[in-house]
Amino acid sequence: MLSTVLSATLHGVEGRLVEVEVHVSSGLPSFTVVGLPDAAVRESRDRVRAAVLSTGLKWPAQRITVNLAPSSLRKTGAGLDLAVAIGVLTAVGALAGGEVAGTGFIGELGLDGSLRSAPGIVPMVSALGTKRVVVPLGCVPEARLLSSRVCGARTLSEVVDAVRGRRDWPAPPPPATLVSRAQPDLADVRGQLVGRRALEVAAAGGHHLLLVGPPGSGKTMLATRLPGLLPPLERSEALEVTRIYSAAGLSVPGGALATDPPLRAPHHGATEVSVLGGGTACLRPGELSLAHCGVLFLDELAEFSVAVLDALRQPLEEGVVRVRRARSAVDLPARILLVGAMNPCPCGEGAMRGACRCTDHSRARYQRRLSAPLLDRFDLAVPLCRPDVGDLLGAPCGEPSAKVAERVRLARAAAVVRGVRVNAELPVTTLRQECPLSAGATALLERRLRSGTLSARGLHRVWRVARTVADLEDPGQPLTERHVAEALALRAARETLILS
Ligand SMILES: Nc1ncnc2c1ncn2[C@@H]1O[C@H](COP(=O)(O)OP(=O)(O)OP(=O)(O)O)[C@@H](O)[C@H]1O
Ligand SMILES: [Mg+2]
């Protein structure tokens, strides 16, 4: 009276294979689940029993033990319900072992026997490799992104009948057609030449961008237009992004593949776990991972907790969040383009405008929230002013996103030739060998280094940005003083924040 059924559980953004072993023996009726189940998995006992009875099948009045192997791995969520039910039915002989062998079962059961979706269908199906997988009917389109051997059902009784060969698997809904979301267009932004330029350079070179300006200067407006300048996701990126969203329980409706670079903008009250990912019960992806291959926009940057801001430093450097817990460890993907926006001081007006009501002390305390190491991660930091009245009312519309995106595409192609994805990732050796500086550019950098307004780390960052500036014009041209001067100007706000 022993059966083994395959299923999967979620670990971070990856699925892990789980063998559900069910043993039914004589003794006082009981139902025990062992093998590091979390609360949701332990509660499956009640759901599974009710679902089997609602389906009209007999529930064994015997001693039932369910072991979830490997027992060292924590099992999370209700996605194991279906496998446990099939395991019990196989152990008591209602289903033949041969009928379920080599098939994975994933899904949550309702008390009436209905089969419900569980977070992480996409990574869990991929954990089962080439095996046949049974999932809730509505999840079939997204599950088929990774495996062609996917069947779906609406209820436990449909699964039992189809496994026994008494009926065909129900036809799944058609996959959703891939429709790109309408993105806000850069043409709506009037004037703001410096802000627009910084946005273009950030998109082309993958440089993190900080926008500093008073309320209403268009910081949010500019930042939300950045994803529209990035190229669409490649298939491998799209699959990765879809997998992360599935793991977070945020699948694209209809099971379509994500095609647009994501934009995530968490509120400044967000906790460390919600931004970075992790958690005690199950290791979930955070906002950093949800922005993977896209843009993470931290509006009101200085209002985020210091713990969150400091914790950003490592993922920004490595492109992964390394979550470590006493019992488990997981690496969550987080290759993002960071855009921060902030007011120059607590009242928002900034020292320059003369309207600022802040004391020196309160201004210094506000700016100290951003540590120098975090500010160092921003290759671009531009001050913004409120838009000019003439620009707002009279000027013709700015250049549309599509035109800028085309220049960005060409500049990114140049980075690929140098062996990196974007210029921000250029190693120092490649920078020296393949992006030499002209005599004028070297002299300019030397002056800044000697005056102490540029650090060693800043030097290479300016160098990379200068390369992106040059690439946007012509990837073949050498780096001149003009490009370096623009790169230095595009980080002007950074110096103001550090020095004031
Ligand atoms: N350059 C501009 N061109 C057209 N409209 C603009 C421009 N700048 C600002 N606006 C208008 O002002 C509104 C406010 O801009 P936005 O929310 O981006 O400002 P903000 O700098 O983020 O302000 P806050 O600091 O309060 O968050 C926009 O929704 C838009 O209608
Ligand atoms: Mg704003």
# chains A, B, ... in the order shown; residues from 1 in each chain; ligands from 1
>>> select_by_dssp(residues="region 450-489 of chain A", states="helix (DSSP H, G or I)", output="list in words")
Arg450, Ser451, Ala456, Arg457, Gly458, Leu459, His460, Arg461, Val462, Trp463, Arg464, Val465, Ala466, Arg467, Thr468, Val469, Ala470, Asp471, Leu472, Glu473, Glu481, Arg482, His483, Val484, Ala485, Glu486, Ala487, Leu488 and Ala489 of chain A
>>> residues_near_ligand(ligand="ligand 2", cutoff="7 Å", atoms="only C-alpha atoms and all ligand atoms", output="list in words")
Pro215, Gly218, Lys219, Thr220 and Asp299 of chain A
>>> write_last_selection(atoms="N, CA, C and O atoms", output="compact mmCIF listing (two decimals), in the first residue's frame")
# COMPACT_ATOMS: atom_id res chain seq x y z
N PRO A 215 9.68 69.38 -6.51
CA PRO A 215 8.41 68.74 -6.89
C PRO A 215 7.89 69.32 -8.20
O PRO A 215 8.00 70.53 -8.42
N GLY A 218 9.23 66.92 -13.10
CA GLY A 218 9.12 65.88 -14.13
C GLY A 218 9.98 64.66 -13.89
O GLY A 218 10.24 63.88 -14.82
N LYS A 219 10.42 64.43 -12.64
CA LYS A 219 11.28 63.28 -12.36
C LYS A 219 10.53 61.97 -12.63
O LYS A 219 11.03 61.09 -13.33
N THR A 220 9.32 61.87 -12.07
CA THR A 220 8.54 60.64 -12.26
C THR A 220 8.18 60.47 -13.74
O THR A 220 8.25 59.36 -14.27
N ASP A 299 11.32 56.13 -6.35
CA ASP A 299 10.89 57.52 -6.25
C ASP A 299 11.05 57.96 -4.81
O ASP A 299 10.86 57.15 -3.91
>>> atom_distance(atom1="CA of Val13 (chain A)", atom2="CA of Ser114 (chain A)")
26.1 Å
>>> residues_near_ligand(ligand="ligand 1", cutoff="10 Å", atoms="only C-alpha atoms and all ligand atoms", output="PyMOL selection string")
chain A and resi 186-193+195-196+211-224+299-300+341-344+348-349+384-389+391-393+395+397-398
>>> write_last_selection(atoms="N, CA and C atoms", output="compact mmCIF listing (two decimals), in the first residue's frame")
# COMPACT_ATOMS: atom_id res chain seq x y z
N LEU A 186 8.15 59.57 -24.69
CA LEU A 186 9.04 60.68 -24.34
C LEU A 186 8.60 61.98 -25.02
N ALA A 187 7.79 61.86 -26.08
CA ALA A 187 7.33 63.06 -26.78
C ALA A 187 6.50 63.96 -25.86
N ASP A 188 5.90 63.36 -24.80
CA ASP A 188 5.07 64.16 -23.86
C ASP A 188 5.92 65.11 -23.01
N VAL A 189 7.22 64.81 -22.89
CA VAL A 189 8.07 65.63 -22.02
C VAL A 189 8.58 66.83 -22.81
N ARG A 190 8.17 68.00 -22.37
CA ARG A 190 8.59 69.22 -23.09
C ARG A 190 9.83 69.81 -22.43
N GLY A 191 10.73 70.33 -23.26
CA GLY A 191 11.97 70.91 -22.71
C GLY A 191 12.78 69.82 -22.03
N GLN A 192 13.30 70.12 -20.85
CA GLN A 192 14.09 69.18 -20.04
C GLN A 192 15.16 68.46 -20.86
N LEU A 193 15.98 69.23 -21.56
CA LEU A 193 16.96 68.60 -22.45
C LEU A 193 17.96 67.74 -21.68
N GLY A 195 17.54 66.22 -18.75
CA GLY A 195 16.87 65.01 -18.27
C GLY A 195 16.69 64.00 -19.38
N ARG A 196 16.26 64.47 -20.54
CA ARG A 196 16.04 63.57 -21.68
C ARG A 196 17.36 62.92 -22.11
N LEU A 211 17.86 61.28 -10.48
CA LEU A 211 17.27 62.56 -10.88
C LEU A 211 17.00 63.37 -9.61
N VAL A 212 17.56 64.56 -9.54
CA VAL A 212 17.39 65.40 -8.35
C VAL A 212 16.70 66.69 -8.77
N GLY A 213 15.55 66.97 -8.19
CA GLY A 213 14.85 68.20 -8.57
C GLY A 213 13.67 68.48 -7.68
N PRO A 214 13.15 69.71 -7.73
CA PRO A 214 12.01 70.08 -6.88
C PRO A 214 10.72 69.38 -7.33
N PRO A 215 9.68 69.38 -6.51
CA PRO A 215 8.41 68.74 -6.89
C PRO A 215 7.89 69.32 -8.20
N GLY A 216 7.36 68.46 -9.06
CA GLY A 216 6.77 68.92 -10.31
C GLY A 216 7.77 69.18 -11.41
N SER A 217 9.04 68.78 -11.20
CA SER A 217 10.03 69.04 -12.24
C SER A 217 10.05 67.92 -13.29
N GLY A 218 9.23 66.92 -13.10
CA GLY A 218 9.12 65.88 -14.13
C GLY A 218 9.98 64.66 -13.89
N LYS A 219 10.42 64.43 -12.64
CA LYS A 219 11.28 63.28 -12.36
C LYS A 219 10.53 61.97 -12.63
N THR A 220 9.32 61.87 -12.07
CA THR A 220 8.54 60.64 -12.26
C THR A 220 8.18 60.47 -13.74
N MET A 221 7.85 61.57 -14.36
CA MET A 221 7.48 61.54 -15.78
C MET A 221 8.62 60.96 -16.62
N LEU A 222 9.83 61.44 -16.36
CA LEU A 222 10.99 60.95 -17.13
C LEU A 222 11.25 59.48 -16.81
N ALA A 223 11.30 59.14 -15.52
CA ALA A 223 11.68 57.77 -15.13
C ALA A 223 10.74 56.74 -15.72
N THR A 224 9.44 57.02 -15.76
CA THR A 224 8.49 56.02 -16.26
C THR A 224 8.61 55.84 -17.78
N ASP A 299 11.32 56.13 -6.35
CA ASP A 299 10.89 57.52 -6.25
C ASP A 299 11.05 57.96 -4.81
N GLU A 300 11.36 59.21 -4.57
CA GLU A 300 11.63 59.71 -3.22
C GLU A 300 12.72 58.85 -2.57
N ALA A 341 14.89 58.95 -7.79
CA ALA A 341 14.46 60.34 -7.91
C ALA A 341 14.35 60.90 -6.51
N MET A 342 14.77 62.13 -6.33
CA MET A 342 14.67 62.74 -5.00
C MET A 342 14.61 64.25 -5.11
N ASN A 343 14.07 64.85 -4.07
CA ASN A 343 14.12 66.31 -3.96
C ASN A 343 15.50 66.67 -3.43
N PRO A 344 16.00 67.87 -3.73
CA PRO A 344 17.34 68.22 -3.25
C PRO A 344 17.41 68.40 -1.73
N GLY A 348 12.08 70.48 -0.61
CA GLY A 348 11.95 70.19 -2.03
C GLY A 348 12.49 71.27 -2.94
N GLU A 349 12.66 72.48 -2.42
CA GLU A 349 13.03 73.57 -3.32
C GLU A 349 14.52 73.61 -3.66
N LEU A 384 17.45 68.61 -12.01
CA LEU A 384 16.35 69.05 -12.88
C LEU A 384 15.73 70.31 -12.32
N CYS A 385 15.32 71.22 -13.19
CA CYS A 385 14.58 72.39 -12.76
C CYS A 385 13.13 72.22 -13.21
N ARG A 386 12.22 73.01 -12.63
CA ARG A 386 10.84 72.96 -13.11
C ARG A 386 10.84 73.37 -14.57
N PRO A 387 9.96 72.77 -15.40
CA PRO A 387 10.00 73.09 -16.83
C PRO A 387 9.72 74.56 -17.08
N ASP A 388 10.36 75.05 -18.11
CA ASP A 388 10.21 76.43 -18.51
C ASP A 388 8.79 76.67 -19.02
N VAL A 389 8.19 77.81 -18.67
CA VAL A 389 6.81 78.08 -19.11
C VAL A 389 6.72 78.08 -20.63
N ASP A 391 8.55 76.41 -22.70
CA ASP A 391 8.62 75.02 -23.18
C ASP A 391 7.26 74.35 -23.00
N LEU A 392 6.64 74.57 -21.83
CA LEU A 392 5.39 73.88 -21.52
C LEU A 392 4.27 74.26 -22.48
N LEU A 393 4.19 75.55 -22.79
CA LEU A 393 3.06 76.01 -23.60
C LEU A 393 3.36 76.04 -25.09
N ALA A 395 6.62 75.14 -26.95
CA ALA A 395 7.57 74.32 -27.71
C ALA A 395 6.88 73.16 -28.41
N CYS A 397 6.44 69.29 -29.57
CA CYS A 397 6.67 68.08 -28.78
C CYS A 397 8.11 67.63 -28.91
N GLY A 398 8.63 66.99 -27.86
CA GLY A 398 9.99 66.47 -27.91
C GLY A 398 10.09 65.27 -28.84
>>> select_by_dssp(residues="region 47-248 of chain A", states="strand (DSSP E)", output="mmCIF file with N, CA and C atoms, in the first residue's frame")
data_model
loop_
_atom_site.group_PDB
_atom_site.id
_atom_site.type_symbol
_atom_site.label_atom_id
_atom_site.label_comp_id
_atom_site.auth_asym_id
_atom_site.auth_seq_id
_atom_site.Cartn_x
_atom_site.Cartn_y
_atom_site.Cartn_z
ATOM 1 N N ARG A 63 -4.543 4.367 8.372
ATOM 2 C CA ARG A 63 -3.444 5.233 8.805
ATOM 3 C C ARG A 63 -2.659 5.668 7.551
ATOM 4 N N ILE A 64 -2.676 6.964 7.269
ATOM 5 C CA ILE A 64 -2.025 7.455 6.036
ATOM 6 C C ILE A 64 -0.816 8.317 6.422
ATOM 7 N N THR A 65 0.343 7.971 5.842
ATOM 8 C CA THR A 65 1.543 8.788 6.064
ATOM 9 C C THR A 65 2.034 9.299 4.711
ATOM 10 N N VAL A 66 2.213 10.606 4.611
ATOM 11 C CA VAL A 66 2.738 11.203 3.375
ATOM 12 C C VAL A 66 4.132 11.717 3.670
ATOM 13 N N ASN A 67 5.113 11.292 2.881
ATOM 14 C CA ASN A 67 6.485 11.795 3.026
ATOM 15 C C ASN A 67 6.850 12.575 1.773
ATOM 16 N N LEU A 68 7.325 13.805 1.976
ATOM 17 C CA LEU A 68 7.721 14.634 0.844
ATOM 18 C C LEU A 68 9.242 14.618 0.743
ATOM 19 N N ALA A 69 9.744 13.941 -0.286
ATOM 20 C CA ALA A 69 11.202 13.796 -0.422
ATOM 21 C C ALA A 69 11.713 14.746 -1.507
ATOM 22 N N THR A 103 4.521 10.847 -14.368
ATOM 23 C CA THR A 103 3.728 12.068 -14.559
ATOM 24 C C THR A 103 3.835 12.937 -13.313
ATOM 25 N N GLY A 104 4.003 14.253 -13.516
ATOM 26 C CA GLY A 104 4.046 15.176 -12.386
ATOM 27 C C GLY A 104 2.673 15.814 -12.192
ATOM 28 N N PHE A 105 2.267 16.026 -10.958
ATOM 29 C CA PHE A 105 0.957 16.632 -10.661
ATOM 30 C C PHE A 105 1.171 17.890 -9.831
ATOM 31 N N GLU A 108 -3.463 23.254 -6.552
ATOM 32 C CA GLU A 108 -4.119 23.324 -5.239
ATOM 33 C C GLU A 108 -5.542 22.805 -5.382
ATOM 34 N N LEU A 109 -6.034 22.110 -4.383
ATOM 35 C CA LEU A 109 -7.396 21.575 -4.448
ATOM 36 C C LEU A 109 -8.342 22.409 -3.604
ATOM 37 N N LEU A 115 -9.731 22.263 -9.097
ATOM 38 C CA LEU A 115 -8.273 22.396 -9.164
ATOM 39 C C LEU A 115 -7.938 23.862 -9.372
ATOM 40 N N ARG A 116 -7.086 24.407 -8.484
ATOM 41 C CA ARG A 116 -6.778 25.834 -8.544
ATOM 42 C C ARG A 116 -5.309 26.069 -8.843
ATOM 43 N N ARG A 132 5.631 14.220 -18.345
ATOM 44 C CA ARG A 132 4.287 14.769 -18.534
ATOM 45 C C ARG A 132 3.844 15.434 -17.232
ATOM 46 N N VAL A 133 3.205 16.601 -17.348
ATOM 47 C CA VAL A 133 2.784 17.321 -16.139
ATOM 48 C C VAL A 133 1.297 17.648 -16.225
ATOM 49 N N VAL A 134 0.595 17.446 -15.122
ATOM 50 C CA VAL A 134 -0.822 17.818 -15.055
ATOM 51 C C VAL A 134 -0.935 19.068 -14.178
ATOM 52 N N VAL A 135 -1.575 20.111 -14.718
ATOM 53 C CA VAL A 135 -1.716 21.381 -13.987
ATOM 54 C C VAL A 135 -3.175 21.845 -14.089
ATOM 55 N N PRO A 136 -3.581 22.844 -13.291
ATOM 56 C CA PRO A 136 -4.932 23.398 -13.460
ATOM 57 C C PRO A 136 -5.113 23.914 -14.885
ATOM 58 N N VAL A 150 2.187 19.033 -21.389
ATOM 59 C CA VAL A 150 1.383 19.551 -20.276
ATOM 60 C C VAL A 150 -0.090 19.252 -20.535
ATOM 61 N N CYS A 151 -0.783 18.697 -19.535
ATOM 62 C CA CYS A 151 -2.223 18.476 -19.632
ATOM 63 C C CYS A 151 -2.881 19.308 -18.542
ATOM 64 N N GLY A 152 -4.129 19.675 -18.759
ATOM 65 C CA GLY A 152 -4.823 20.473 -17.750
ATOM 66 C C GLY A 152 -6.171 19.888 -17.416
ATOM 67 N N ALA A 153 -6.667 20.198 -16.234
ATOM 68 C CA ALA A 153 -8.002 19.754 -15.827
ATOM 69 C C ALA A 153 -8.600 20.784 -14.894
ATOM 70 N N LEU A 209 20.779 55.825 -12.851
ATOM 71 C CA LEU A 209 20.501 57.258 -13.001
ATOM 72 C C LEU A 209 19.811 57.818 -11.766
ATOM 73 N N LEU A 210 20.301 58.959 -11.296
ATOM 74 C CA LEU A 210 19.660 59.661 -10.180
ATOM 75 C C LEU A 210 19.158 61.014 -10.673
ATOM 76 N N LEU A 211 17.858 61.278 -10.476
ATOM 77 C CA LEU A 211 17.273 62.560 -10.877
ATOM 78 C C LEU A 211 17.002 63.367 -9.610
ATOM 79 N N VAL A 212 17.557 64.560 -9.541
ATOM 80 C CA VAL A 212 17.389 65.403 -8.352
ATOM 81 C C VAL A 212 16.697 66.693 -8.768
#
>>> residues_around(residues="Ser7 (chain A)", least_positions_apart="3", cutoff="7 Å", atoms="only C-alpha atoms", output="list of chain:residue names")
A:Leu17, A:Val18, A:Glu19, A:Val20, A:Leu80, A:Ala83, A:Gly104, A:Phe105, A:Ile106
>>> write_last_selection(atoms="N, CA and C atoms", output="tab-separated table (two decimals), in the first residue's frame")
chain	number	residue	atom	x	y	z
A	17	LEU	N	12.12	19.38	-7.86
A	17	LEU	CA	11.35	18.14	-7.94
A	17	LEU	C	11.06	17.60	-6.55
A	18	VAL	N	9.83	17.16	-6.32
A	18	VAL	CA	9.46	16.56	-5.03
A	18	VAL	C	8.81	15.20	-5.31
A	19	GLU	N	9.23	14.17	-4.58
A	19	GLU	CA	8.56	12.87	-4.68
A	19	GLU	C	7.60	12.76	-3.51
A	20	VAL	N	6.33	12.57	-3.83
A	20	VAL	CA	5.31	12.44	-2.78
A	20	VAL	C	5.09	10.95	-2.54
A	80	LEU	N	1.15	21.20	-3.87
A	80	LEU	CA	1.37	19.75	-3.74
A	80	LEU	C	0.06	18.99	-3.51
A	83	ALA	N	-0.91	16.23	-6.05
A	83	ALA	CA	-0.03	15.05	-6.00
A	83	ALA	C	-0.35	14.19	-4.77
A	104	GLY	N	4.00	14.25	-13.52
A	104	GLY	CA	4.05	15.18	-12.39
A	104	GLY	C	2.67	15.81	-12.19
A	105	PHE	N	2.27	16.03	-10.96
A	105	PHE	CA	0.96	16.63	-10.66
A	105	PHE	C	1.17	17.89	-9.83
A	106	ILE	N	0.64	19.02	-10.33
A	106	ILE	CA	0.81	20.29	-9.62
A	106	ILE	C	-0.53	21.02	-9.56
>>> closest_residue(among="A:Ala456, A:Val417, A:Val201, A:Val34", to="Leu490 (chain A)", atoms="only C-alpha atoms")
A:Val201
>>> closest_residue(among="A:Leu57, A:Arg327, A:Arg225, A:Leu301", to="Leu199 (chain A)", atoms="only C-alpha atoms")
A:Arg225
>>> closest_residue(among="A:Arg284, A:Arg197, A:Arg467, A:Arg461", to="Ala414 (chain A)", atoms="only C-alpha atoms")
A:Arg467
>>> atom_distance(atom1="CA of Ala203 (chain A)", atom2="CA of Val241 (chain A)")
18.6 Å
>>> closest_residue(among="A:Leu53, A:Leu288, A:Cys358, A:Val382", to="Ala265 (chain A)", atoms="only C-alpha atoms")
A:Leu288
>>> closest_residue(among="A:Leu375, A:Val92, A:Leu479, A:Cys347", to="Arg363 (chain A)", atoms="only C-alpha atoms")
A:Cys347
>>> residues_around(residues="Thr271 (chain A)", least_positions_apart="2", cutoff="8 Å", atoms="only C-alpha atoms", output="PDB file with all heavy atoms, in the first residue's frame")
ATOM      1  N   GLY A 269       8.004  53.300   1.540  1.00  0.00           N
ATOM      2  CA  GLY A 269       7.837  52.614   2.828  1.00  0.00           C
ATOM      3  C   GLY A 269       8.123  51.126   2.725  1.00  0.00           C
ATOM      4  O   GLY A 269       7.972  50.391   3.708  1.00  0.00           O
ATOM      5  N   VAL A 273      12.618  43.083   2.971  1.00  0.00           N
ATOM      6  CA  VAL A 273      12.238  41.806   2.345  1.00  0.00           C
ATOM      7  C   VAL A 273      11.443  42.046   1.065  1.00  0.00           C
ATOM      8  O   VAL A 273      11.656  41.365   0.060  1.00  0.00           O
ATOM      9  CB  VAL A 273      11.434  40.929   3.337  1.00  0.00           C
ATOM     10  CG1 VAL A 273      10.766  39.776   2.625  1.00  0.00           C
ATOM     11  CG2 VAL A 273      12.349  40.409   4.435  1.00  0.00           C
ATOM     12  N   SER A 274      10.554  43.036   1.061  1.00  0.00           N
ATOM     13  CA  SER A 274       9.751  43.231  -0.149  1.00  0.00           C
ATOM     14  C   SER A 274      10.598  43.778  -1.291  1.00  0.00           C
ATOM     15  O   SER A 274      10.307  43.534  -2.452  1.00  0.00           O
ATOM     16  CB  SER A 274       8.557  44.153   0.125  1.00  0.00           C
ATOM     17  OG  SER A 274       9.011  45.470   0.317  1.00  0.00           O
ATOM     18  N   VAL A 275      11.665  44.498  -0.986  1.00  0.00           N
ATOM     19  CA  VAL A 275      12.526  45.018  -2.061  1.00  0.00           C
ATOM     20  C   VAL A 275      13.536  43.960  -2.505  1.00  0.00           C
ATOM     21  O   VAL A 275      13.739  43.721  -3.688  1.00  0.00           O
ATOM     22  CB  VAL A 275      13.254  46.302  -1.615  1.00  0.00           C
ATOM     23  CG1 VAL A 275      14.255  46.754  -2.659  1.00  0.00           C
ATOM     24  CG2 VAL A 275      12.249  47.417  -1.371  1.00  0.00           C
ATOM     25  N   SER A 305      14.125  53.420   3.724  1.00  0.00           N
ATOM     26  CA  SER A 305      14.862  53.184   4.966  1.00  0.00           C
ATOM     27  C   SER A 305      16.340  52.965   4.635  1.00  0.00           C
ATOM     28  O   SER A 305      16.688  52.460   3.558  1.00  0.00           O
ATOM     29  CB  SER A 305      14.290  51.977   5.706  1.00  0.00           C
ATOM     30  OG  SER A 305      14.836  50.801   5.186  1.00  0.00           O
ATOM     31  N   VAL A 308      17.238  49.442   3.637  1.00  0.00           N
ATOM     32  CA  VAL A 308      16.932  49.055   2.252  1.00  0.00           C
ATOM     33  C   VAL A 308      17.991  49.622   1.314  1.00  0.00           C
ATOM     34  O   VAL A 308      18.527  48.910   0.449  1.00  0.00           O
ATOM     35  CB  VAL A 308      15.525  49.572   1.839  1.00  0.00           C
ATOM     36  CG1 VAL A 308      15.310  49.421   0.345  1.00  0.00           C
ATOM     37  CG2 VAL A 308      14.441  48.846   2.612  1.00  0.00           C
TER      38      VAL A 308
END
>>> residues_around(residues="Ser236 (chain A)", least_positions_apart="2", cutoff="12 Å", atoms="only C-alpha atoms", output="MDAnalysis selection string")
chainID A and resid 145:146 232:234 238:243 257:259 293
>>> residues_around(residues="Gly278 (chain A)", least_positions_apart="3", cutoff="10 Å", atoms="only C-alpha atoms", output="count of residues only")
20
>>> residues_around(residues="Glu425 (chain A)", least_positions_apart="4", cutoff="10 Å", atoms="only C-alpha atoms", output="PyMOL selection string")
chain A and resi 205-207+317+415+419-421+431+461+464
>>> atom_distance(atom1="CA of Val339 (chain A)", atom2="CA of Gly249 (chain A)")
25.1 Å
